[in-house]
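To be precise, the following lines are data.cif, and they hold mmCIF, C-alpha atoms.
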```
data_model
#
loop_
_atom_site.label_atom_id
_atom_site.label_comp_id
_atom_site.auth_asym_id
_atom_site.auth_seq_id
_atom_site.Cartn_x
_atom_site.Cartn_y
_atom_site.Cartn_z
CA MET T 1 -29.85 26.06 129.26
CA MET T 2 -30.37 28.92 131.66
CA LYS T 3 -31.61 28.04 135.10
CA ARG T 4 -34.07 30.12 137.09
CA SER T 5 -31.70 30.26 140.07
CA PHE T 6 -29.16 32.10 137.92
CA ILE T 7 -31.64 34.52 136.39
CA ARG T 8 -33.36 35.52 139.60
CA LEU T 9 -30.62 36.70 141.84
CA MET T 10 -31.71 37.03 145.46
CA ILE T 11 -30.72 40.56 146.35
CA ALA T 12 -31.68 42.52 149.45
CA PHE T 13 -30.96 46.21 149.75
CA ALA T 14 -30.26 47.79 153.11
CA GLY T 15 -29.53 51.48 153.56
CA MET T 16 -26.36 52.07 155.53
CA ALA T 17 -26.65 55.80 156.20
CA VAL T 18 -27.59 55.05 159.82
CA MET T 19 -23.91 54.36 160.51
CA PHE T 20 -22.93 57.89 159.54
CA SER T 21 -24.43 61.31 159.72
CA ALA T 22 -25.85 62.71 156.50
CA PRO T 23 -22.95 63.31 154.09
CA ALA T 24 -22.01 66.71 152.83
CA GLN T 25 -22.89 67.52 149.25
CA ALA T 26 -20.53 65.39 147.16
CA ARG T 27 -18.24 67.25 144.83
CA VAL T 28 -17.39 64.19 142.77
CA GLU T 29 -19.51 63.96 139.62
CA ILE T 30 -19.18 63.35 135.90
CA ASN T 31 -21.19 65.32 133.37
CA ILE T 32 -21.55 62.78 130.58
CA ASN T 33 -23.54 65.18 128.40
CA LYS T 34 -20.60 67.44 127.53
CA GLY T 35 -18.91 65.22 124.94
CA ASN T 36 -15.47 63.73 125.47
CA VAL T 37 -15.08 63.25 129.22
CA GLU T 38 -11.81 63.03 131.15
CA PRO T 39 -11.98 59.74 133.12
CA LEU T 40 -12.43 60.18 136.87
CA PRO T 41 -9.63 58.68 139.01
CA ILE T 42 -11.24 56.19 141.38
CA ALA T 43 -9.62 53.78 143.86
CA VAL T 44 -11.33 50.40 144.19
CA THR T 45 -9.85 48.53 147.16
CA ASP T 46 -9.94 44.78 147.63
CA PHE T 47 -13.08 43.91 149.56
CA LEU T 48 -12.28 42.30 152.88
CA SER T 49 -13.02 38.56 152.98
CA ASN T 50 -11.60 35.32 154.33
CA ASN T 51 -10.74 34.11 150.81
CA ASP T 52 -9.98 35.50 147.34
CA LEU T 53 -13.60 36.37 146.60
CA GLY T 54 -13.38 39.92 147.95
CA ALA T 55 -10.47 40.75 145.65
CA GLN T 56 -12.23 39.12 142.69
CA ILE T 57 -15.39 41.18 143.23
CA SER T 58 -13.42 44.42 143.45
CA GLN T 59 -11.52 43.52 140.27
CA VAL T 60 -14.79 43.06 138.35
CA ILE T 61 -16.08 46.40 139.67
CA ALA T 62 -12.91 48.20 138.60
CA ALA T 63 -12.99 46.53 135.17
CA ASP T 64 -16.63 47.55 134.61
CA LEU T 65 -15.94 51.16 135.53
CA GLN T 66 -12.79 51.35 133.41
CA ARG T 67 -14.50 49.80 130.40
CA SER T 68 -17.14 52.55 130.47
CA GLY T 69 -14.43 55.09 129.61
CA LEU T 70 -15.66 57.41 132.37
CA PHE T 71 -13.45 56.11 135.19
CA ALA T 72 -9.71 55.51 135.58
CA PRO T 73 -9.03 53.04 138.41
CA VAL T 74 -5.94 54.04 140.37
CA ASP T 75 -3.05 51.55 140.37
CA ARG T 76 -3.35 49.50 143.56
CA ASN T 77 0.41 49.67 144.05
CA ALA T 78 -0.03 53.37 144.75
CA PHE T 79 -2.44 52.83 147.67
CA ILE T 80 -1.09 54.18 150.98
CA GLU T 81 -3.82 53.19 153.42
CA LYS T 82 -4.70 49.53 153.85
CA ILE T 83 -8.42 49.34 154.61
CA SER T 84 -9.04 47.16 157.66
CA ASP T 85 -12.60 48.18 158.51
CA PRO T 86 -14.90 49.36 155.68
CA ASN T 87 -17.39 50.64 158.28
CA ARG T 88 -14.95 53.34 159.36
CA ALA T 89 -14.16 56.50 157.44
CA PRO T 90 -10.85 56.16 155.57
CA ARG T 91 -7.89 58.48 155.95
CA PHE T 92 -8.95 60.83 153.17
CA GLU T 93 -5.57 62.57 152.95
CA ASP T 94 -3.93 59.26 151.98
CA TRP T 95 -6.29 58.99 149.01
CA LYS T 96 -6.14 62.62 147.95
CA VAL T 97 -2.36 62.50 147.70
CA ILE T 98 -2.62 59.78 145.01
CA ASN T 99 -5.40 61.80 143.29
CA ALA T 100 -8.14 59.25 143.96
CA GLN T 101 -11.18 61.51 143.71
CA ALA T 102 -13.50 58.67 144.69
CA LEU T 103 -12.87 55.58 146.82
CA VAL T 104 -14.69 52.24 147.01
CA THR T 105 -14.36 49.98 150.07
CA GLY T 106 -16.25 46.85 150.98
CA ARG T 107 -16.52 43.48 152.65
CA VAL T 108 -17.76 40.00 151.66
CA THR T 109 -18.93 37.54 154.31
CA ARG T 110 -20.75 34.19 154.36
CA GLU T 111 -24.09 34.11 156.18
CA GLY T 112 -25.23 31.20 158.32
CA ASP T 113 -27.61 30.04 155.60
CA GLY T 114 -24.78 29.88 153.05
CA ARG T 115 -25.58 33.12 151.24
CA LEU T 116 -23.00 35.77 150.52
CA ARG T 117 -23.34 39.22 151.99
CA ALA T 118 -21.54 41.88 149.96
CA GLU T 119 -21.43 45.44 151.24
CA PHE T 120 -19.71 48.49 149.82
CA ARG T 121 -19.24 52.19 150.46
CA LEU T 122 -18.45 54.93 147.97
CA TRP T 123 -16.50 57.88 149.34
CA ASP T 124 -15.84 61.39 148.03
CA THR T 125 -12.23 61.81 149.12
CA PHE T 126 -12.02 65.57 148.57
CA ALA T 127 -15.29 66.33 150.38
CA GLY T 128 -14.37 63.77 153.06
CA SER T 129 -17.80 62.17 153.03
CA GLN T 130 -19.67 59.01 152.11
CA MET T 131 -21.66 59.22 148.90
CA THR T 132 -23.58 55.96 149.19
CA GLY T 133 -23.49 52.58 150.88
CA GLN T 134 -25.42 49.40 150.16
CA GLN T 135 -25.39 45.70 150.91
CA PHE T 136 -26.62 42.70 148.95
CA TYR T 137 -27.34 39.03 149.67
CA THR T 138 -27.04 36.29 147.08
CA GLN T 139 -25.95 32.73 146.43
CA PRO T 140 -22.15 32.30 146.14
CA GLU T 141 -22.25 31.34 142.44
CA ASN T 142 -23.71 34.76 141.61
CA TRP T 143 -20.78 36.77 142.94
CA ARG T 144 -19.95 38.26 139.53
CA ARG T 145 -23.46 39.61 139.22
CA VAL T 146 -23.19 41.29 142.62
CA ALA T 147 -20.01 42.99 141.38
CA HIS T 148 -21.86 44.28 138.30
CA ILE T 149 -24.72 45.60 140.46
CA ILE T 150 -22.27 47.46 142.71
CA ALA T 151 -20.58 48.94 139.63
CA ASP T 152 -24.01 50.10 138.42
CA ALA T 153 -24.69 51.77 141.77
CA ILE T 154 -21.34 53.61 141.63
CA TYR T 155 -21.91 54.66 138.01
CA LYS T 156 -25.36 56.05 138.82
CA GLN T 157 -24.22 57.88 141.96
CA ILE T 158 -21.43 59.71 140.15
CA THR T 159 -22.96 60.26 136.69
CA GLY T 160 -26.65 60.56 137.57
CA GLU T 161 -27.41 58.02 134.82
CA GLU T 162 -28.43 54.37 135.08
CA GLY T 163 -25.58 51.91 134.67
CA TYR T 164 -25.51 49.02 132.22
CA PHE T 165 -23.18 46.46 133.81
CA ASP T 166 -25.84 44.08 135.22
CA THR T 167 -26.89 43.03 131.74
CA ARG T 168 -26.33 40.23 129.27
CA VAL T 169 -25.76 39.97 125.54
CA VAL T 170 -27.14 37.31 123.25
CA PHE T 171 -25.12 36.72 120.09
CA VAL T 172 -24.29 34.23 117.34
CA SER T 173 -21.25 32.12 118.21
CA GLU T 174 -19.42 31.02 115.06
CA SER T 175 -16.92 28.20 114.67
CA GLY T 176 -15.36 26.14 111.90
CA PRO T 177 -13.90 27.11 108.52
CA LYS T 178 -15.26 30.15 106.69
CA ASN T 179 -16.90 28.07 103.94
CA ALA T 180 -18.60 25.75 106.47
CA ARG T 181 -19.22 27.98 109.48
CA GLN T 182 -21.37 26.60 112.29
CA ARG T 183 -23.55 29.10 114.14
CA GLN T 184 -25.13 28.76 117.56
CA LEU T 185 -27.08 31.14 119.73
CA ALA T 186 -25.09 32.04 122.83
CA ILE T 187 -25.51 34.33 125.81
CA MET T 188 -22.96 36.01 128.08
CA ASP T 189 -22.55 38.75 130.64
CA GLN T 190 -21.91 42.14 129.05
CA ASP T 191 -18.18 41.82 129.84
CA GLY T 192 -17.80 38.53 127.94
CA PHE T 193 -17.89 36.16 130.92
CA ASN T 194 -20.27 33.27 131.65
CA VAL T 195 -20.78 32.30 128.00
CA ARG T 196 -23.46 29.63 127.53
CA MET T 197 -24.83 28.06 124.37
CA LEU T 198 -28.57 28.22 123.79
CA THR T 199 -28.89 26.15 120.60
CA ASN T 200 -27.03 23.30 118.91
CA THR T 201 -24.86 23.55 115.79
CA ARG T 202 -27.16 21.77 113.35
CA ASP T 203 -29.08 24.79 112.11
CA ILE T 204 -28.11 28.28 111.03
CA VAL T 205 -29.34 31.00 113.40
CA LEU T 206 -29.43 34.77 112.77
CA THR T 207 -30.43 38.10 114.35
CA PRO T 208 -31.28 37.25 117.97
CA ARG T 209 -33.06 40.05 119.84
CA PHE T 210 -34.05 40.48 123.49
CA SER T 211 -37.54 41.16 124.74
CA PRO T 212 -37.68 44.47 126.61
CA SER T 213 -40.02 43.05 129.25
CA ARG T 214 -39.23 39.34 129.73
CA GLN T 215 -36.31 36.93 129.77
CA GLU T 216 -37.13 35.98 126.19
CA ILE T 217 -35.47 36.34 122.81
CA THR T 218 -36.63 36.15 119.24
CA TYR T 219 -34.41 34.97 116.41
CA MET T 220 -34.40 33.56 112.90
CA SER T 221 -33.44 29.93 112.23
CA PHE T 222 -33.10 27.77 109.12
CA GLU T 223 -34.17 24.65 110.99
CA GLY T 224 -35.02 21.95 108.48
CA ASN T 225 -33.92 24.36 105.71
CA GLN T 226 -37.07 26.35 106.40
CA PRO T 227 -36.54 29.95 107.59
CA ARG T 228 -38.71 30.67 110.61
CA VAL T 229 -38.87 33.17 113.44
CA TYR T 230 -38.75 31.64 116.93
CA LEU T 231 -39.32 32.75 120.50
CA LEU T 232 -37.07 31.27 123.18
CA GLN T 233 -37.79 31.53 126.91
CA LEU T 234 -34.40 31.78 128.62
CA GLU T 235 -35.59 30.64 132.04
CA THR T 236 -37.35 27.49 130.91
CA GLY T 237 -35.76 26.75 127.53
CA GLN T 238 -39.25 26.60 125.99
CA ARG T 239 -39.24 27.45 122.29
CA GLU T 240 -42.04 28.18 119.86
CA VAL T 241 -42.45 29.28 116.26
CA VAL T 242 -43.83 32.78 115.88
CA GLY T 243 -45.50 31.79 112.63
CA ASN T 244 -45.11 29.91 109.37
CA PHE T 245 -44.96 32.45 106.60
CA PRO T 246 -44.50 31.93 102.86
CA GLY T 247 -41.06 33.01 101.72
CA MET T 248 -38.23 34.29 103.90
CA THR T 249 -38.53 36.06 107.24
CA PHE T 250 -35.86 38.49 108.41
CA SER T 251 -34.78 40.68 111.31
CA PRO T 252 -37.42 39.94 113.97
CA ARG T 253 -37.52 42.42 116.86
CA PHE T 254 -39.87 43.01 119.78
CA SER T 255 -42.06 46.05 120.30
CA PRO T 256 -41.25 48.09 123.44
CA ASP T 257 -44.06 46.46 125.43
CA GLY T 258 -42.98 42.97 124.35
CA GLN T 259 -46.44 42.19 122.96
CA LYS T 260 -45.56 42.27 119.26
CA VAL T 261 -42.80 41.10 116.96
CA ILE T 262 -41.96 43.25 113.95
CA MET T 263 -40.18 41.62 111.01
CA SER T 264 -39.55 41.65 107.28
CA LEU T 265 -41.26 39.05 105.08
CA GLN T 266 -40.07 38.33 101.55
CA GLN T 267 -42.51 37.51 98.77
CA ASP T 268 -41.98 37.57 94.99
CA GLY T 269 -38.50 39.04 95.32
CA ASN T 270 -39.61 41.96 97.49
CA SER T 271 -39.75 42.25 101.25
CA ASN T 272 -42.10 44.31 103.37
CA ILE T 273 -42.51 44.96 107.07
CA TYR T 274 -45.14 43.23 109.17
CA THR T 275 -46.05 43.06 112.83
CA MET T 276 -47.50 40.06 114.64
CA ASP T 277 -49.44 40.37 117.87
CA LEU T 278 -48.07 37.61 120.09
CA ARG T 279 -51.37 37.22 121.94
CA SER T 280 -53.81 36.95 119.02
CA ARG T 281 -51.21 35.92 116.37
CA THR T 282 -52.77 38.40 113.97
CA THR T 283 -50.44 39.90 111.36
CA THR T 284 -50.49 43.49 110.10
CA ARG T 285 -48.66 44.70 107.01
CA LEU T 286 -47.00 48.11 107.41
CA THR T 287 -45.20 48.69 104.09
CA SER T 288 -46.20 47.82 100.54
CA THR T 289 -43.49 48.53 98.00
CA GLN T 290 -41.69 46.81 95.16
CA ALA T 291 -38.46 47.23 97.08
CA ILE T 292 -36.66 45.58 99.98
CA ASP T 293 -37.88 46.97 103.31
CA THR T 294 -36.16 45.33 106.27
CA SER T 295 -34.46 45.79 109.69
CA PRO T 296 -37.37 47.50 111.48
CA SER T 297 -36.80 48.95 114.98
CA TYR T 298 -39.34 50.65 117.24
CA SER T 299 -38.75 53.92 119.06
CA PRO T 300 -38.81 53.35 122.84
CA ASP T 301 -42.31 54.82 123.15
CA GLY T 302 -43.59 52.52 120.39
CA ALA T 303 -44.93 55.45 118.35
CA ARG T 304 -42.49 55.23 115.43
CA ILE T 305 -40.43 52.68 113.52
CA ALA T 306 -37.06 53.08 111.81
CA PHE T 307 -36.30 50.71 108.95
CA GLU T 308 -34.03 50.13 105.97
CA SER T 309 -35.28 50.37 102.40
CA ASP T 310 -33.73 50.44 98.93
CA ARG T 311 -36.82 51.99 97.33
CA GLY T 312 -34.68 54.99 96.33
CA GLY T 313 -32.09 52.84 94.54
CA ARG T 314 -29.78 51.94 97.41
CA PRO T 315 -30.35 51.12 101.11
CA GLN T 316 -31.29 54.14 103.22
CA ILE T 317 -32.93 54.71 106.59
CA TYR T 318 -36.60 55.62 106.75
CA VAL T 319 -38.89 56.44 109.67
CA MET T 320 -42.65 55.85 109.81
CA ASN T 321 -45.45 55.91 112.34
CA ALA T 322 -46.29 52.67 114.13
CA ASP T 323 -49.30 52.10 111.85
CA GLY T 324 -47.16 52.40 108.71
CA SER T 325 -48.16 55.95 107.82
CA GLY T 326 -45.82 58.86 107.22
CA GLN T 327 -42.93 56.92 105.68
CA THR T 328 -40.05 59.40 105.40
CA ARG T 329 -36.43 59.02 104.37
CA VAL T 330 -34.00 60.44 106.95
CA SER T 331 -30.50 59.43 105.74
CA PHE T 332 -28.93 61.49 102.95
CA GLY T 333 -25.16 61.10 103.29
CA ASP T 334 -22.85 59.43 100.81
CA GLY T 335 -23.07 55.65 100.67
CA SER T 336 -25.64 53.12 101.86
CA TYR T 337 -27.27 52.92 105.30
CA SER T 338 -28.57 49.78 107.01
CA THR T 339 -29.46 48.10 110.35
CA PRO T 340 -31.07 51.12 112.06
CA VAL T 341 -31.61 50.65 115.80
CA TRP T 342 -33.43 53.19 117.93
CA SER T 343 -31.71 54.28 121.16
CA PRO T 344 -33.46 53.34 124.44
CA ARG T 345 -33.37 57.06 125.22
CA GLY T 346 -35.21 57.89 122.00
CA ASP T 347 -32.72 60.59 121.01
CA LEU T 348 -30.62 58.74 118.42
CA ILE T 349 -30.73 56.01 115.79
CA ALA T 350 -27.62 53.86 115.37
CA PHE T 351 -26.80 52.49 111.92
CA THR T 352 -24.29 50.74 109.70
CA LYS T 353 -22.97 52.83 106.80
CA GLN T 354 -21.13 51.51 103.75
CA SER T 355 -19.08 54.07 101.85
CA GLY T 356 -15.74 54.07 100.07
CA GLY T 357 -15.29 50.35 100.49
CA LYS T 358 -15.53 50.54 104.29
CA PHE T 359 -18.22 49.94 106.89
CA SER T 360 -18.88 52.41 109.69
CA ILE T 361 -21.00 52.44 112.83
CA GLY T 362 -22.65 55.79 113.44
CA VAL T 363 -25.59 57.60 115.02
CA MET T 364 -28.02 60.28 113.88
CA ARG T 365 -31.05 62.03 115.32
CA PRO T 366 -34.44 60.55 114.36
CA ASP T 367 -34.92 63.30 111.76
CA GLY T 368 -31.55 62.43 110.15
CA SER T 369 -29.66 65.45 111.47
CA GLY T 370 -26.46 65.36 113.51
CA GLU T 371 -24.95 62.30 111.83
CA ARG T 372 -21.74 61.16 113.58
CA ILE T 373 -19.47 58.26 112.64
CA LEU T 374 -18.12 56.48 115.74
CA THR T 375 -15.86 53.86 114.16
CA THR T 376 -14.85 52.67 110.68
CA GLY T 377 -13.29 49.40 109.53
CA PHE T 378 -13.15 46.75 106.86
CA HIS T 379 -16.53 45.35 107.86
CA ASN T 380 -18.40 46.68 110.91
CA GLU T 381 -22.05 45.80 111.31
CA GLY T 382 -24.99 45.13 113.62
CA PRO T 383 -25.04 47.87 116.32
CA THR T 384 -27.01 47.22 119.51
CA TRP T 385 -27.58 49.65 122.38
CA ALA T 386 -26.78 49.26 126.06
CA PRO T 387 -29.99 49.88 128.04
CA ASN T 388 -28.84 53.34 129.17
CA GLY T 389 -28.31 54.50 125.57
CA ARG T 390 -24.68 55.52 126.15
CA VAL T 391 -22.76 52.56 124.68
CA LEU T 392 -23.06 50.47 121.51
CA MET T 393 -21.88 46.94 120.79
CA PHE T 394 -21.30 45.69 117.23
CA PHE T 395 -19.32 43.05 115.36
CA ARG T 396 -16.30 43.47 113.13
CA GLN T 397 -15.17 41.09 110.37
CA PRO T 398 -11.44 41.54 109.65
CA ALA T 399 -9.99 41.47 106.14
CA GLY T 400 -8.57 38.13 105.06
CA ALA T 401 -8.51 35.18 107.43
CA GLY T 402 -10.32 35.02 110.73
CA GLY T 403 -13.87 35.64 111.76
CA PRO T 404 -16.09 38.29 113.35
CA GLN T 405 -15.45 39.65 116.85
CA LEU T 406 -17.54 41.80 119.18
CA TYR T 407 -16.62 45.36 120.14
CA SER T 408 -18.17 48.08 122.25
CA ILE T 409 -17.85 51.83 121.78
CA ASP T 410 -19.33 54.80 123.62
CA LEU T 411 -20.99 57.81 122.04
CA THR T 412 -17.77 59.82 122.08
CA GLY T 413 -16.25 57.35 119.61
CA TYR T 414 -13.00 57.27 121.62
CA ASN T 415 -13.58 54.30 123.92
CA GLU T 416 -13.57 51.25 121.62
CA ILE T 417 -12.98 47.89 123.34
CA GLN T 418 -12.99 44.31 122.08
CA ILE T 419 -15.31 41.97 124.00
CA LYS T 420 -13.44 38.68 123.93
CA THR T 421 -15.42 35.49 123.33
CA PRO T 422 -14.31 31.84 123.15
CA ALA T 423 -15.13 31.63 119.41
CA TYR T 424 -15.97 34.06 116.63
CA ALA T 425 -19.06 36.14 117.40
CA SER T 426 -21.58 38.24 115.47
CA ASP T 427 -25.08 39.75 115.69
CA PRO T 428 -24.99 40.95 119.33
CA ALA T 429 -28.18 42.07 121.10
CA TRP T 430 -28.02 43.77 124.49
CA SER T 431 -30.52 42.89 127.22
CA PRO T 432 -32.35 45.35 129.44
CA LEU T 433 -31.09 45.68 133.01
CA LEU T 434 -31.71 42.43 134.85
CA GLU T 435 -34.16 42.34 137.74
#
```
What does this structure look like when you write it as structure tokens?
Amino acid sequence: MMKRSFIRLMIAFAGMAVMFSAPAQARVEININKGNVEPLPIAVTDFLSNNDLGAQISQVIAADLQRSGLFAPVDRNAFIEKISDPNRAPRFEDWKVINAQALVTGRVTREGDGRLRAEFRLWDTFAGSQMTGQQFYTQPENWRRVAHIIADAIYKQITGEEGYFDTRVVFVSESGPKNARQRQLAIMDQDGFNVRMLTNTRDIVLTPRFSPSRQEITYMSFEGNQPRVYLLQLETGQREVVGNFPGMTFSPRFSPDGQKVIMSLQQDGNSNIYTMDLRSRTTTRLTSTQAIDTSPSYSPDGARIAFESDRGGRPQIYVMNADGSGQTRVSFGDGSYSTPVWSPRGDLIAFTKQSGGKFSIGVMRPDGSGERILTTGFHNEGPTWAPNGRVLMFFRQPAGAGGPQLYSIDLTGYNEIQIKTPAYASDPAWSPLLE
């Protein structure tokens, strides 16, 4: 189970501009709003250290940046200058000649109290200036998280957008034969490392979802052959039942303030959408149809809800106000639409679309316009947003033998990457940025 010392990383920020005069206006930037972006060449040098840790941290930083699709780390074999003092300005000409438009240098040292001190500088090689510099303190076992935080700082400095590397993903880890698959809740860093199991293999678990405000998840479990919705505190391992409802409960998800859980409850062959206030445990019904209404997802301001309904004959995406009023269909393309998930930015809704015998992951505006398919395969399902609203993760079930695997893809649809896990994996849910 997760330990508090892992969750609460001890990080101290110290501005380092005092070592240099104010930098000139940096010319290095990426406009990520103009569609398909040419990756920016960036050199990430091995951080100086008295062991392999400096090189390992720089490798994680480079991998994070490359995986975003916005950066192209320069081959280290092409480096001309060997950085010996990250506090000194580099020889910019040596980096321009290999077309490194940005340069990352750093150092890792051990403090007297046993903590690690990791410092880095980001340089604009063509302007010949420092763009930013920071330092962090943490326990040695958290070195990978420091690398993710540095990658986030670089991403934000160059793109102007928040990064998403210092995050985690909860998912369903699947093992065993297809006709007797065992499913456990698991959690990992967004790059697939530090996988840890959160539940045992005795009971089927489905649809885990992160709280937007706490280190807490909600999920569905068939414990004792009784479907229930649970809350699980990641720091303490404390678990509680949200409520005992007649019939089946599906697709629990938190409200943006973390004070409610919205879900689908099945009764008499139909399912409708309900919310439960986690403080008072009062339940409110939002839909009332003779159809299957499921997969609700709040807009980031909490004012509206996207959901899936087959009231028109086949599954489509609908949007309604948070009180259940104004229920309006927004998907009208060929095929069926399911698993709508509102972007953290509020500008898009991600979905799964089934058409022509294939499953696609796509996005549309909240009014249904601007539909774009990002990827198509035999069976793609379950999109979840990175907290900056620029990247999606989903799972793919291949045809024939094998099991589901996790993939990420950005909004251009060109940067699709498999997130490798020790076992089969499905139902990913991305966390907010860690604190």
Show me a table, sorted first by chain and then by increasing residue number, of the residues of range 217-303 of chain T having an atom at most 10 Å from range 184-191 of chain T, each with its shortest atom pair and the distance in Å to one decimal, counting all atoms listed in the file and written as a Markdown table.
```
| residue | atom | partner | partner_atom | distance |
| --- | --- | --- | --- | --- |
| T:Tyr219 | CA | T:Leu185 | CA | 8.9 |
| T:Ser221 | CA | T:Leu185 | CA | 9.9 |
| T:Leu234 | CA | T:Ile187 | CA | 9.7 |
```
Practice task
Using the chain letters and numbering of this document, enumerate as a ChimeraX atom specification the residues selected by the PyMOL selection byres ((chain T and resi 165) around 12).
Solution key: /T:60-68,144-156,162-164,166-169,188-193,386-388,390-391,430-434
- Message: The residues within 12 Å of (-19.4, 40.0, 148.5), using only C-alpha atoms and the coordinates of the file, should be reported as a PyMOL selection string; which are they?
- Response: chain T and resi 11+46-61+105-111+115-120+134-150
(message) Can you measure CA of Met364 in chain T to CA of Ala291 in chain T for me? One decimal in Å is fine.
(response)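 Separation of CA of Met364 in chain T and CA of Ala291 in chain T: 23.7 Å.
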Quiz item: Expanded to explicit residues, what is the PyMOL selection byres ((chain T and resi 358) around 8) for this file, as a PyMOL selection string?
Solution: chain T and resi 354-357+359-360+376-379
Exercise. In Å to one decimal, how far is CA of Thr45 in chain T from CA of Ala89 in chain T?
Worked result: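 CA of Thr45 in chain T lies at a distance of 13.7 Å from CA of Ala89 in chain T.
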Just the number, please: distance in Å from CA of Asn225 in chain T to CA of Lys178 in chain T, one decimal.
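Rounded to one decimal, the two atoms are 19.6 Å apart.
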Of T:Gly69, T:Leu103, T:Tyr230, T:Val37, the one nearest to Glu416 in chain T when counting only C-alpha atoms is T:Gly69
Of T:Tyr424, T:Phe171, T:Phe307, T:Trp342, the one sitting nearest Gln327 in chain T when using all atoms listed in the file is T:Phe307
Discussion item. Since I can't run it myself right now, could you work out what the PyMOL selection byres ((chain T and resi 301) around 9) selects here and report it as number ranges by chain?
Written reply: T: 256-257, 298-300, 302-304, 346
### Query
Residues at most 6 Å from Pro73 in chain T, counting all atoms listed in the file, excluding those fewer than 5 positions away in the same chain, as a ChimeraX atom specification?
/T:41-43
**OP:** Determine, counting all atoms listed in the file, which protein, DNA and RNA residues have an atom within 9 Å of an atom of Leu278 in chain T; residues of the same chain fewer than 3 positions away are not included. Present the result as a ChimeraX atom specification.
**Re:** /T:242,258-261,281-282
Margin query: Around (-16.9, 36.3, 119.7), as given in the file, which residues come within 9 Å? Count all atoms listed in the file and list them as an MDAnalysis selection string.
Written below: chainID T and resid 171:174 192 395 403:406 419:426
task = May I ask which of the residues T:Leu348, T:Val341, T:Met276, T:Ile80 is the closest one to Asp94 in chain T, counting only C-alpha atoms?
result =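 Of T:Leu348, T:Val341, T:Met276, T:Ile80, the one nearest Asp94 in chain T, counting only C-alpha atoms, is T:Ile80.
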Kindly output range 380-390 of chain T as a PDB file, in the frame of the given file, after building N, CA, C and O atoms.
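Below you can see part.pdb, which holds the result:
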```
ATOM      1  N   ASN T 380     -17.700  46.520 109.636  1.00  0.00           N
ATOM      2  CA  ASN T 380     -18.400  46.680 110.910  1.00  0.00           C
ATOM      3  C   ASN T 380     -19.896  46.585 110.649  1.00  0.00           C
ATOM      4  O   ASN T 380     -20.391  47.103 109.640  1.00  0.00           O
ATOM      5  N   GLU T 381     -20.625  45.971 111.569  1.00  0.00           N
ATOM      6  CA  GLU T 381     -22.050  45.800 111.310  1.00  0.00           C
ATOM      7  C   GLU T 381     -22.777  45.484 112.619  1.00  0.00           C
ATOM      8  O   GLU T 381     -22.180  45.118 113.624  1.00  0.00           O
ATOM      9  N   GLY T 382     -24.112  45.636 112.570  1.00  0.00           N
ATOM     10  CA  GLY T 382     -24.990  45.130 113.620  1.00  0.00           C
ATOM     11  C   GLY T 382     -24.929  45.854 114.947  1.00  0.00           C
ATOM     12  O   GLY T 382     -24.750  45.203 115.981  1.00  0.00           O
ATOM     13  N   PRO T 383     -25.098  47.194 115.014  1.00  0.00           N
ATOM     14  CA  PRO T 383     -25.040  47.870 116.320  1.00  0.00           C
ATOM     15  C   PRO T 383     -26.219  47.488 117.210  1.00  0.00           C
ATOM     16  O   PRO T 383     -27.333  47.241 116.732  1.00  0.00           O
ATOM     17  N   THR T 384     -25.967  47.440 118.507  1.00  0.00           N
ATOM     18  CA  THR T 384     -27.010  47.220 119.510  1.00  0.00           C
ATOM     19  C   THR T 384     -26.705  48.116 120.699  1.00  0.00           C
ATOM     20  O   THR T 384     -25.545  48.340 121.041  1.00  0.00           O
ATOM     21  N   TRP T 385     -27.734  48.660 121.323  1.00  0.00           N
ATOM     22  CA  TRP T 385     -27.580  49.650 122.380  1.00  0.00           C
ATOM     23  C   TRP T 385     -27.531  49.008 123.762  1.00  0.00           C
ATOM     24  O   TRP T 385     -28.310  48.101 124.059  1.00  0.00           O
ATOM     25  N   ALA T 386     -26.658  49.526 124.633  1.00  0.00           N
ATOM     26  CA  ALA T 386     -26.780  49.260 126.060  1.00  0.00           C
ATOM     27  C   ALA T 386     -28.073  49.898 126.555  1.00  0.00           C
ATOM     28  O   ALA T 386     -28.552  50.877 125.974  1.00  0.00           O
ATOM     29  N   PRO T 387     -28.670  49.376 127.630  1.00  0.00           N
ATOM     30  CA  PRO T 387     -29.990  49.880 128.040  1.00  0.00           C
ATOM     31  C   PRO T 387     -29.998  51.339 128.482  1.00  0.00           C
ATOM     32  O   PRO T 387     -31.069  51.938 128.540  1.00  0.00           O
ATOM     33  N   ASN T 388     -28.838  51.924 128.802  1.00  0.00           N
ATOM     34  CA  ASN T 388     -28.840  53.340 129.170  1.00  0.00           C
ATOM     35  C   ASN T 388     -28.611  54.255 127.971  1.00  0.00           C
ATOM     36  O   ASN T 388     -28.561  55.477 128.114  1.00  0.00           O
ATOM     37  N   GLY T 389     -28.448  53.688 126.767  1.00  0.00           N
ATOM     38  CA  GLY T 389     -28.310  54.500 125.570  1.00  0.00           C
ATOM     39  C   GLY T 389     -27.013  55.261 125.455  1.00  0.00           C
ATOM     40  O   GLY T 389     -26.926  56.234 124.698  1.00  0.00           O
ATOM     41  N   ARG T 390     -25.962  54.820 126.176  1.00  0.00           N
ATOM     42  CA  ARG T 390     -24.680  55.520 126.150  1.00  0.00           C
ATOM     43  C   ARG T 390     -23.575  54.736 125.449  1.00  0.00           C
ATOM     44  O   ARG T 390     -22.531  55.294 125.124  1.00  0.00           O
TER      45      ARG T 390
END
```
